[in-house]
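Colleague: Structure in structure tokens, see below.
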Amino acid sequence: MGDGLLLDVRGLTVQYETESGPLVAVEQVDLQLREGEFLGIVGESGCGKSTLLFAIARLLVPPARISSGSVVFRGRDMVELAEKELRQVRWRDFSVVMQSAMNALNPVMTVGAQLKDVCEQHSTMSRREIALRSAQVLRLVSVDPRHLDSYPHQLSGGMRQRAMIAMALLFTPQLVIMDEPTTALDVVAQRSLMVQIRELQKRLGFAVLFVTHDMSLLRHFADRVAVMYAGQVVEVSSTAQVFGHPLHPYSRGLLAAFPSVTGPRVHLVGLPGAPPDLLRPPRGCRFHPRCPEVMRSCPNVEPPLYEVGGDLVRCLLYDERGGRAGTSERSS
Amino acid sequence: MRFVLRRLGFFMVTLWAAVTINFLIPRLIPGNPALAMLARYRGRVNPQALHALEIDFGVGVAHQSFISSYFGYLANTFTGHLGISLTFFPEPVSKAVLQALPWTLGLVGTTTVLAFLLGTLIGLIGGWRRGGVLDSVLPPVFIVISAFPYFWIGLVAILVFGVILKWLPLGSGYSVTDTIGWSWQFVGDVLVHSILPAATILITAIGGWILTMRNNMVTVLAEDYVRMARAKGLRPWTIMWTYAGRNAILPNLVGFAMSLGFVVSGAILVEYVFNYPGVGWMLLQSVLNDDYALMQALFLLITFAVLVAILVADVLTAILDPRVRES
Ligand SMILES: Nc1ncnc2c1ncn2[C@@H]1O[C@H](COP(=O)(O)OP(=O)(O)OP(=O)(O)O)[C@@H](O)[C@H]1O
Ligand SMILES: [Mg+2]
């Protein structure tokens, strides 16, 4: 803990009980997040990003359940906490910004009321203090405090998203979990919101777990990037590494699929094929049916995470180079 | 506020249209109530009496222009002069209706509200504790019950509790030996008489509310704002009521208001089965007796009730759902 480690996820596995058997949406995920760090999680739609976040935040509902693993947040394993104990930690210590701000605000309550109820739940602030704090956080995200009296439907998509972020910052928690907070916005609004999130994060010092399927968003904002494919983490690297020299063939494909807006024009290679059915994932490496660099061993050997110069990658290409075949998870 | 005024305006226009249609229809069909009365008394009414009757009934006055009779009718309607009832001759229609109305409102009105409140509460808790005892036992039971026709359940109830067990009276609103008034004895007797019809209404009406509310609840619980409420660490009680419940109840409000509107007409079957002295029973009598004036008044009452119900639904929805207020 002393090294500023805020969140330590180990071997986290989540499955949905479906009619056609268990669907493993998140498999053996390991993630570490330091205090004040911005970690981006990127992957195609359906690869389990939201499921992973909800598992970390203990927000899963049946048919989903955590089947194994631990989520140690500030020294406590969240997986072991009872709902009652969780309530003490929620929002004060970590908050959540959801994927669809359109639906994440209660349509029949004013923005102010939705800020107020969480204040009343977790603090002894007076009405006046709550009103002051609410106006303050709205101003943080450049929303006019008069919108405290507005209902969600009276705000634009961008304003709603900002209001959600304001709500997440009420207690300045140490961790803010964000699930595609910018998806519903146009490119300009997206950028300005990203800049703002990054600025607030630097100023207030909270750590961010940021999910997106648009890799280019992370380029200027994330400290590290975790790439997910079919429920697994396939690469965790520094942002510079991922965008400069991505290790995993899938990361390269993703990068090619989202050329940087400002960068030079690149030929769109993209990713041929579709992500696998998580009910019946391919044997061996899950990416091998789509991999341009597939080798003979790929369909048979499930690759462990290899450590390559401080970064992590789940690909047999690094088996020879690292020469550590058979050794499974890295030791941190 | 503007919303309420606009709704009120709509209400007035619709009411006026309904009243006008009510004026036109009997005048477009042949025959008149005075002649019906005449036929009923087999010529024992002399022409002067007939003329007096026609004036009383407010129809068939040949030398009155259509327009002036329309305005006369409008004035009479809004001042409660609805003519003379044949069935309860020589009582005016308004008096007869006013006597029957409290019975219906008391029995069917109360039970309709009660069924909605109870059904919504049970459905809300059932949906919240999905798969719990309440949720696994009640819905199937009520699906089965609501498959039976109302009168069948009513008759079985009478048979079991009235005829066989003799616990409760067979029908009517009160005992013949009663003196009607605000005495404890009379009120108690009325309550005893209302147990069977009220219970049967409740049993048949509550199922629908339980099921729809439960399903709304299940839908709403999957919404992001409910997950958000959990993420905020709010108390389950708060989440259940202000996040889930308040949104789940919205689709049911219109249905509830409509069921209030149909209290008057919906009473027909209940009051027939239980021989209950309300408006439904009266409507049946008026049809059997060709009592046009009474029929007209009752139809007007039903229309009025439905319109008021819609107004109530609109206002209620506007109070609970901010999105409706502005559109
Ligand atoms: N309720 C559910 N029942 C069964 N399977 C589910 C359920 N919810 C999600 N899944 C499956 O779990 C997998 C991961 O879903 P998840 O929502 O976490 O993906 P995601 O990466 O967040 O996608 P997106 O970018 O579209 O939000 C998907 O393959 C999906 O089919
Ligand atoms: Mg998602």
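Each chain of the structure tokens is named A, B, ... in the order shown, its residues numbered from 1; ligands are numbered from 1 in display order.
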At a cut-off of 8 Å, can you tabulate as JSON lines every residue of chain A near chain B together with its closest atom pair and the distance in Å to one decimal, using only C-alpha atoms and ordering rows by chain then number?
Modeller:
```
{"residue": "A:Ala57", "atom": "CA", "partner": "B:Ala231", "partner_atom": "CA", "distance": 7.5}
{"residue": "A:Leu59", "atom": "CA", "partner": "B:Ala231", "partner_atom": "CA", "distance": 6.7}
{"residue": "A:Leu86", "atom": "CA", "partner": "B:Gly233", "partner_atom": "CA", "distance": 7.5}
{"residue": "A:Arg87", "atom": "CA", "partner": "B:Gly233", "partner_atom": "CA", "distance": 4.5}
{"residue": "A:Gln88", "atom": "CA", "partner": "B:Gly233", "partner_atom": "CA", "distance": 7.2}
{"residue": "A:Val89", "atom": "CA", "partner": "B:Gly233", "partner_atom": "CA", "distance": 7.9}
{"residue": "A:Arg90", "atom": "CA", "partner": "B:Gly233", "partner_atom": "CA", "distance": 5.2}
{"residue": "A:Trp91", "atom": "CA", "partner": "B:Lys232", "partner_atom": "CA", "distance": 5.3}
{"residue": "A:Ser95", "atom": "CA", "partner": "B:Ala231", "partner_atom": "CA", "distance": 7.0}
{"residue": "A:Val96", "atom": "CA", "partner": "B:Ala231", "partner_atom": "CA", "distance": 6.6}
{"residue": "A:Met98", "atom": "CA", "partner": "B:Met228", "partner_atom": "CA", "distance": 7.5}
{"residue": "A:Ser100", "atom": "CA", "partner": "B:Asp224", "partner_atom": "CA", "distance": 7.6}
{"residue": "A:Asn103", "atom": "CA", "partner": "B:Asp224", "partner_atom": "CA", "distance": 5.5}
{"residue": "A:Ala104", "atom": "CA", "partner": "B:Tyr225", "partner_atom": "CA", "distance": 4.1}
{"residue": "A:Leu105", "atom": "CA", "partner": "B:Tyr225", "partner_atom": "CA", "distance": 5.2}
{"residue": "A:Asn106", "atom": "CA", "partner": "B:Tyr225", "partner_atom": "CA", "distance": 5.4}
{"residue": "A:Pro107", "atom": "CA", "partner": "B:Pro322", "partner_atom": "CA", "distance": 7.7}
{"residue": "A:Val108", "atom": "CA", "partner": "B:Asp321", "partner_atom": "CA", "distance": 5.5}
{"residue": "A:Asp117", "atom": "CA", "partner": "B:Leu234", "partner_atom": "CA", "distance": 7.7}
{"residue": "A:Val118", "atom": "CA", "partner": "B:Lys232", "partner_atom": "CA", "distance": 6.2}
{"residue": "A:Gln121", "atom": "CA", "partner": "B:Leu234", "partner_atom": "CA", "distance": 6.2}
{"residue": "A:Tyr151", "atom": "CA", "partner": "B:Pro322", "partner_atom": "CA", "distance": 7.1}
{"residue": "A:His153", "atom": "CA", "partner": "B:Arg323", "partner_atom": "CA", "distance": 6.8}
```
Colleague: Please give me, as a VMD selection string, the residues lying within 10 Å of ligand 1 when counting only C-alpha atoms and all ligand atoms.
Modeller: (chain A and resid 14 to 26 41 to 55 60 to 64 99 to 100 179 to 180 183 211 to 214 228 to 231 275 to 279) or (chain B and resid 222)
Colleague: From a backbone DSSP assignment, name each residue in stretch 10-226 of chain A labelled strand (DSSP E), as a PyMOL selection string.
Modeller: chain A and resi 10-18+21-34+38-42+64-73+76-77+94-97+175-179+207-212+224-226
Colleague: Select, from B:Val19, B:Ala199, B:Val270, B:Leu211, the residue with the minimum atom-to-atom distance to B:Phe71, counting only C-alpha atoms.
Modeller: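 Ranking B:Val19, B:Ala199, B:Val270, B:Leu211 by distance to B:Phe71, first place goes to B:Val19.
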Colleague: Quick one, how far is atom CA of A:Arg10 from atom CA of A:Tyr318?
Modeller: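 Pair atom CA of A:Arg10 / atom CA of A:Tyr318 returns 22.2 Å.
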Colleague: Just the residues within 12 Å of stretch 133-140 of chain B, please, counting only C-alpha atoms, with nothing from its chain fewer than 2 positions along; format it as a PyMOL selection string.
Modeller: chain B and resi 119+121-131+142-147+203+206-215+217-218
Colleague: Kindly indicate which residue among A:Glu307, A:Asp8, A:Asp144, A:Glu199 lies nearest to A:Arg76, using only C-alpha atoms for the distances.
Modeller: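 Answer, going by the shortest atom-to-atom distance: A:Asp8.
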Colleague: Which residues are close to A:Ser134, i.e. within 10 Å by only C-alpha atoms, leaving aside same-chain residues fewer than 5 positions away? Reply as a list in words.
Modeller: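 Returned residues: Val111, Gly112, Ala113, Gln114, Leu115, Lys116, Cys119, Arg128, Glu129, Arg139, Leu140, Pro145, Leu148, Ala163, Ala166, Met167, Leu169 and Leu170 of chain A.
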Colleague: Give me the residues near A:Arg219 as number ranges by chain, where near means some atom within 9 Å (using only C-alpha atoms) and where sequence neighbours in that chain fewer than 4 positions away do not count.
Modeller: A: 215, 223, 239-240, 242-243, 260
Colleague: Atom CA of B:Ala96 to atom CA of B:Ala293: how many Å, to one decimal?
Modeller: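 Pair atom CA of B:Ala96 / atom CA of B:Ala293 returns 11.2 Å.
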Colleague: Using only C-alpha atoms, which of the listed residues (A:Gly11, A:Pro173, A:Pro152, A:Pro246) sits closest to A:Ser67?
Modeller: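 With only C-alpha atoms as the atom set, the closest residue is A:Gly11.
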Colleague: For atom CA of B:Pro277 and atom CA of B:Val254, determine how far apart the two atoms are, in Å to one decimal place.
Modeller: 28.7 Å
Colleague: Quick one: pick out all helix (DSSP H, G or I) residues within stretch 105-157 of chain A from a backbone DSSP run and write them as number ranges by chain.
Modeller: A: 111-122, 127-140, 145-149, 152-154, 157
Colleague: Which one is closest to ligand 2: A:Met178, A:Ile66, A:Met194, A:Met102? Count only C-alpha atoms and all ligand atoms.
Modeller: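 For ligand 2, the nearest of the given residues is A:Met178.
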Colleague: Smallest atom-to-atom distance to A:Gln32: which of A:Ala168, A:Val188, A:Leu312, A:Leu255, using only C-alpha atoms?
Modeller: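 Residue with the minimum atom-to-atom distance to A:Gln32: A:Leu312.
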